[in-house]
Amino acid sequence: MLFTETDPPTTATPRLIGVERVIGSARHQDRYGTHLVPGGVDTVVHAPQATAVEFCLLDGEGEEATERRFRLLVGEHGRWHGHIPEVGPGQRYGLRVHGPWDPAHGQFHNPHKLLTDPYARAIVGSLDLVPAVYGHIVDDYLRPVPGQDGRDARDSAAHVPHGVVVDDRFDDEPVQHPDTPWGRTVIYEAHVRGLTRRLPGVPEHLRGTYAGLAHPATVAHLRDLGVTAVELLPIHAKVTEPALTMRGVVNYWGYNTLGYFAPEPSYATQAAQSAGPDAVLAEVKGMVKLLHEAGIEVILDVVYNHTCEGGTDGPLLSWRGLDNAGYYLHDGAGHSHYLDVTGCGNSLDFRNQHVVRMTLDSLRYWVQEVGVDGFRFDLATTMGRKGTTFLADHPFLVALACDPVLGGRKLIAEPWDLGPGGWRTGQFAAPIAEWNDRYRDVLRTFWISDAAAVVNGGYGHDLRDLATRLAGSADMFAHSPVPGGRGPIASLNFVTAHDGFTLRDLVSYDHKHNENNGEDNRDGTDNNRSWNHGVEGETDEPEILAHRRRTIRNILGTMMVSAGTPMITAGDEFGRTQHGNNNAYCHDDESVWVDWDLAPWQRDLQATTELLLALRRRNRVLRPARFRPFDPHAFRSRPALAWFDEHGATMSLERWHDVNRRVLQMFRGGERADERDALIVINGAANPVHVTLSSDGPEFYELVWDSAWEHPDERPSTASVPAGTTLEVPELSTRIYLQA
């Protein structure tokens, strides 16, 4: 916290009890980080412009805290290395780096600041926001002092997190990955803490923890729902940004990484935290193992695009004090200003081989030692940048795809950042899949904003974009040197995510309500494509509530019949709300934790979601893994994909472009003899429409789901109808038919 001269920090600076030379050298001088070896630890640090590097052991607390320093040996290519004897698991440590202080040329060496090892396998302690954690001179309000541009001489060791030596020589059984095929994958995005903090059935001491995520009550929900993978918001060790700390809030989402090898300790049980970092790591590994035993993959949301150090006016915690000019992307040939393409103060520079190596080493560690199944790369465009230019064949992306450990894991890009030419959806190469923001926007537009316009007497868009997204976004994912491109499974189809409105809020609010974030409602996007259906926020009007529920069901139903890989945000399966906050990144309370106290309509919605996922799982025709051209020599000469209007006629060019047409039939032909054909009927009009089921498929269809049903049990006992039958389809609704 901030302090004044009359309110000093209570933590004492560790007492220095000696500076020694290291005994011997690290056995493997190309293995960065600190590792247990017989008789102590080996350490290798990258600091190419340093004049000296000290490995610092910290013991004790408060007035009893002490520090022992060991001078490392200088090696080739900027490596500093050494062997420190008689050091074991649980030992806290940090680094001090001597060298030039010349911010105008990117030099931020300051031996008064204890730095975190970028390769630390565990990190303990919190960041105290006091002037001592800054490399440059600041006042008590953390503002630069005019006329004083030198380095600050206050010691930071008592106010920053510390690395911890852990025994990472695991002797567990080899990791058994579920290896769910992409074509069967359904992703569930969740926050480790928020998912189970209020989950009945999970014991209180396990709620909001790694162990709670793998508890039988949590696993039962995931399996009953039908998801095959959990995508966890960042679990790398983090700190809260100074701006948030000064507002009295926290970084809940975790996109502010301090350690790429260390799990966030606050998500572990109190018992594990008390037992130490080895127990925290064991809990993370246990979570992964238990989810694997349930057939559920674990995908980590990872933030390799920027670090927690912020801009050059931020605290000096790790990378900036080791090699600022190398680790961070700078504007122009000089190193005085960062090129911030992330909006977070800094960006890692993937032209630098040490940034590439650190990232690949981190990814391999989480796969090989912890056992995770894949990664979702936050602001992934940054990782493919050569300065201001994005390269799909960037050396890092090529190395990622070719790596024998990583190339076979699930790799997902958030294909944009905030820099020049930052939007790159569809431009990554295999085997990387991508969050498809065009899919998100088109489904929101058709079912929400266009529906609002039509209901109020206006016009929406034509049907071309909707059909393209339903068919797997071939405009973005069918083109590559490989015939058929990456295929539809490369499209991560989502309508909501942690960032933005929940599904319930999309149909309940016209505008964001982020007042509680402390930024005067300026934060968060205004491009929500939402519709409150007549009343802003909560209401008890039955008709409005019924319309909202149907819109939610339309979106979920459309997602589950779309070619691609669906992703559900935790709680959307039963209508979770954040009360209109579309940027709830800074809250860790009941406003963001998933509320499991469900009303009857929410239980109905959960049953609907379970049915839709079961239909997708049981019917391969609803989840094509490739773009399949028409084959007249197939076992039956039906198209793989065809489009019809409300009369059952093939869609004409005029109808595709007609904004007054809001009815579409999508036919999917089974590829094998044991596959049932499917017909999806979508009525986006504000009135009931008579629809003639296409006759170009099987003779009979079975109605398996209708978005007009509040609960799947409303399905009629006799749901089989002949092809060519004309039926009245309710306004703003979706129907799924399968071959009878």
# chains A, B, ... in the order shown; residues from 1 in each chain; ligands from 1
$ select_by_dssp --residues "segment 10-101 of chain A" --states "strand (DSSP E or B)" --output "ChimeraX atom specification"
/A:15-21,33-37,40-46,52-59,66-71,73-74,79-85,92-98,101
$ write_last_selection --atoms "N, CA and C atoms" --output "compact mmCIF listing (two decimals), in the first residue's frame"
# COMPACT_ATOMS: atom_id res chain seq x y z
N ARG A 15 18.38 -8.32 6.49
CA ARG A 15 19.74 -7.96 6.91
C ARG A 15 20.75 -8.76 6.09
N LEU A 16 21.66 -8.06 5.43
CA LEU A 16 22.69 -8.70 4.61
C LEU A 16 23.73 -9.35 5.51
N ILE A 17 23.97 -10.64 5.30
CA ILE A 17 24.94 -11.34 6.14
C ILE A 17 26.11 -11.89 5.33
N GLY A 18 26.27 -11.42 4.10
CA GLY A 18 27.47 -11.84 3.38
C GLY A 18 27.27 -11.92 1.88
N VAL A 19 28.33 -11.66 1.15
CA VAL A 19 28.37 -11.83 -0.30
C VAL A 19 29.48 -12.82 -0.61
N GLU A 20 29.16 -13.90 -1.28
CA GLU A 20 30.13 -14.96 -1.55
C GLU A 20 30.18 -15.27 -3.04
N ARG A 21 31.29 -15.84 -3.46
CA ARG A 21 31.38 -16.37 -4.82
C ARG A 21 30.70 -17.73 -4.86
N GLY A 33 17.11 -20.81 -15.43
CA GLY A 33 16.35 -20.97 -14.21
C GLY A 33 17.17 -21.61 -13.12
N THR A 34 16.47 -21.95 -12.03
CA THR A 34 17.12 -22.51 -10.86
C THR A 34 16.57 -23.91 -10.62
N HIS A 35 17.47 -24.90 -10.55
CA HIS A 35 17.06 -26.30 -10.48
C HIS A 35 17.81 -27.02 -9.37
N LEU A 36 17.10 -27.88 -8.67
CA LEU A 36 17.73 -28.72 -7.67
C LEU A 36 18.67 -29.73 -8.34
N VAL A 37 19.85 -29.86 -7.79
CA VAL A 37 20.82 -30.88 -8.21
C VAL A 37 21.43 -31.46 -6.94
N GLY A 40 22.70 -29.12 -3.84
CA GLY A 40 22.30 -27.72 -3.87
C GLY A 40 21.46 -27.39 -5.08
N VAL A 41 21.68 -26.19 -5.65
CA VAL A 41 20.95 -25.79 -6.84
C VAL A 41 21.92 -25.25 -7.88
N ASP A 42 21.57 -25.46 -9.14
CA ASP A 42 22.24 -24.79 -10.26
C ASP A 42 21.33 -23.67 -10.73
N THR A 43 21.93 -22.57 -11.14
CA THR A 43 21.13 -21.47 -11.66
C THR A 43 21.81 -20.87 -12.88
N VAL A 44 20.98 -20.49 -13.86
CA VAL A 44 21.45 -19.80 -15.06
C VAL A 44 20.51 -18.64 -15.33
N VAL A 45 21.07 -17.44 -15.48
CA VAL A 45 20.30 -16.22 -15.63
C VAL A 45 20.74 -15.51 -16.91
N HIS A 46 19.78 -14.99 -17.65
CA HIS A 46 20.09 -14.22 -18.86
C HIS A 46 20.07 -12.73 -18.52
N ALA A 52 27.43 -7.53 -13.17
CA ALA A 52 27.47 -8.56 -12.13
C ALA A 52 26.04 -8.98 -11.83
N VAL A 53 25.87 -10.25 -11.46
CA VAL A 53 24.56 -10.77 -11.08
C VAL A 53 24.73 -11.55 -9.78
N GLU A 54 23.85 -11.28 -8.82
CA GLU A 54 23.90 -11.94 -7.52
C GLU A 54 22.65 -12.80 -7.32
N PHE A 55 22.89 -14.03 -6.86
CA PHE A 55 21.82 -14.94 -6.49
C PHE A 55 21.62 -14.80 -4.99
N CYS A 56 20.42 -14.43 -4.56
CA CYS A 56 20.19 -14.02 -3.19
C CYS A 56 19.26 -14.99 -2.48
N LEU A 57 19.70 -15.53 -1.35
CA LEU A 57 18.90 -16.43 -0.53
C LEU A 57 18.29 -15.63 0.62
N LEU A 58 16.97 -15.76 0.82
CA LEU A 58 16.27 -15.01 1.84
C LEU A 58 15.73 -15.96 2.89
N ASP A 59 15.95 -15.62 4.14
CA ASP A 59 15.52 -16.45 5.26
C ASP A 59 14.87 -15.57 6.32
N THR A 66 16.94 -12.24 6.84
CA THR A 66 18.34 -12.13 6.42
C THR A 66 18.47 -12.46 4.95
N GLU A 67 19.59 -12.03 4.38
CA GLU A 67 19.86 -12.26 2.96
C GLU A 67 21.33 -12.62 2.76
N ARG A 68 21.57 -13.70 2.03
CA ARG A 68 22.91 -14.10 1.63
C ARG A 68 23.03 -13.97 0.12
N ARG A 69 24.09 -13.38 -0.34
CA ARG A 69 24.24 -13.15 -1.78
C ARG A 69 25.43 -13.93 -2.32
N PHE A 70 25.24 -14.47 -3.53
CA PHE A 70 26.29 -15.24 -4.20
C PHE A 70 26.50 -14.63 -5.59
N ARG A 71 27.74 -14.23 -5.87
CA ARG A 71 28.09 -13.67 -7.18
C ARG A 71 28.17 -14.80 -8.20
N LEU A 73 28.90 -16.51 -12.01
CA LEU A 73 29.98 -16.46 -12.99
C LEU A 73 29.43 -16.01 -14.33
N VAL A 74 30.19 -15.21 -15.04
CA VAL A 74 29.77 -14.77 -16.35
C VAL A 74 30.17 -15.80 -17.40
N ARG A 79 24.90 -15.19 -20.46
CA ARG A 79 24.50 -16.09 -19.39
C ARG A 79 25.36 -15.87 -18.14
N TRP A 80 24.68 -15.87 -17.00
CA TRP A 80 25.35 -15.86 -15.70
C TRP A 80 24.94 -17.14 -14.99
N HIS A 81 25.91 -17.84 -14.38
CA HIS A 81 25.59 -19.17 -13.90
C HIS A 81 26.38 -19.50 -12.66
N GLY A 82 25.94 -20.54 -11.96
CA GLY A 82 26.68 -20.99 -10.79
C GLY A 82 25.96 -22.09 -10.06
N HIS A 83 26.68 -22.73 -9.17
CA HIS A 83 26.14 -23.75 -8.29
C HIS A 83 26.18 -23.22 -6.86
N ILE A 84 25.03 -23.25 -6.19
CA ILE A 84 24.96 -22.79 -4.80
C ILE A 84 24.71 -24.00 -3.93
N PRO A 85 25.63 -24.34 -3.05
CA PRO A 85 25.51 -25.58 -2.29
C PRO A 85 24.52 -25.46 -1.13
N ARG A 92 13.54 -19.49 -0.30
CA ARG A 92 13.17 -18.29 -1.05
C ARG A 92 14.43 -17.64 -1.63
N TYR A 93 14.28 -17.07 -2.81
CA TYR A 93 15.45 -16.46 -3.45
C TYR A 93 15.01 -15.38 -4.43
N GLY A 94 15.98 -14.61 -4.86
CA GLY A 94 15.77 -13.59 -5.88
C GLY A 94 17.09 -13.25 -6.54
N LEU A 95 17.06 -12.26 -7.41
CA LEU A 95 18.25 -11.87 -8.16
C LEU A 95 18.51 -10.37 -7.99
N ARG A 96 19.77 -10.01 -7.95
CA ARG A 96 20.17 -8.59 -7.99
C ARG A 96 21.14 -8.42 -9.16
N VAL A 97 20.90 -7.40 -9.96
CA VAL A 97 21.66 -7.21 -11.19
C VAL A 97 22.35 -5.86 -11.17
N HIS A 98 23.66 -5.87 -11.32
CA HIS A 98 24.47 -4.65 -11.42
C HIS A 98 24.71 -4.34 -12.89
N TRP A 101 22.75 2.26 -15.54
CA TRP A 101 21.41 2.84 -15.42
C TRP A 101 21.33 3.95 -16.45
$ closest_atom_pairs --of "segment 121-181 of chain A" --to "segment 280-297 of chain A" --cutoff "8 Å" --atoms "only C-alpha atoms" --output "CSV"
residue,atom,partner,partner_atom,distance
A:Val175,CA,A:Lys289,CA,7.9
A:Gln176,CA,A:His292,CA,7.3
A:His177,CA,A:His292,CA,6.6
A:Pro178,CA,A:Gly295,CA,5.7
A:Asp179,CA,A:Glu297,CA,7.5
A:Thr180,CA,A:Glu297,CA,7.6
$ closest_residue --among "A:Thr185, A:Asn516, A:Gln665, A:Thr445" --to "Gly248 of chain A" --atoms "only C-alpha atoms"
A:Asn516
$ residues_around --residues "Arg184 of chain A" --least-positions-apart "5" --cutoff "9 Å" --atoms "only C-alpha atoms" --output "PyMOL selection string"
chain A and resi 228+565+616-617+620+623+625
$ select_by_dssp --residues "segment 548-678 of chain A" --states "alpha helix (DSSP H)" --output "MDAnalysis selection string"
chainID A and resid 548:560 600:618 653:657
$ atom_distance --atom1 "atom CA of Ala471 of chain A" --atom2 "atom CA of Phe667 of chain A"
10.4 Å
$ closest_residue --among "A:His587, A:Arg27, A:Asn305, A:Met358" --to "Arg247 of chain A" --atoms "only C-alpha atoms"
A:His587
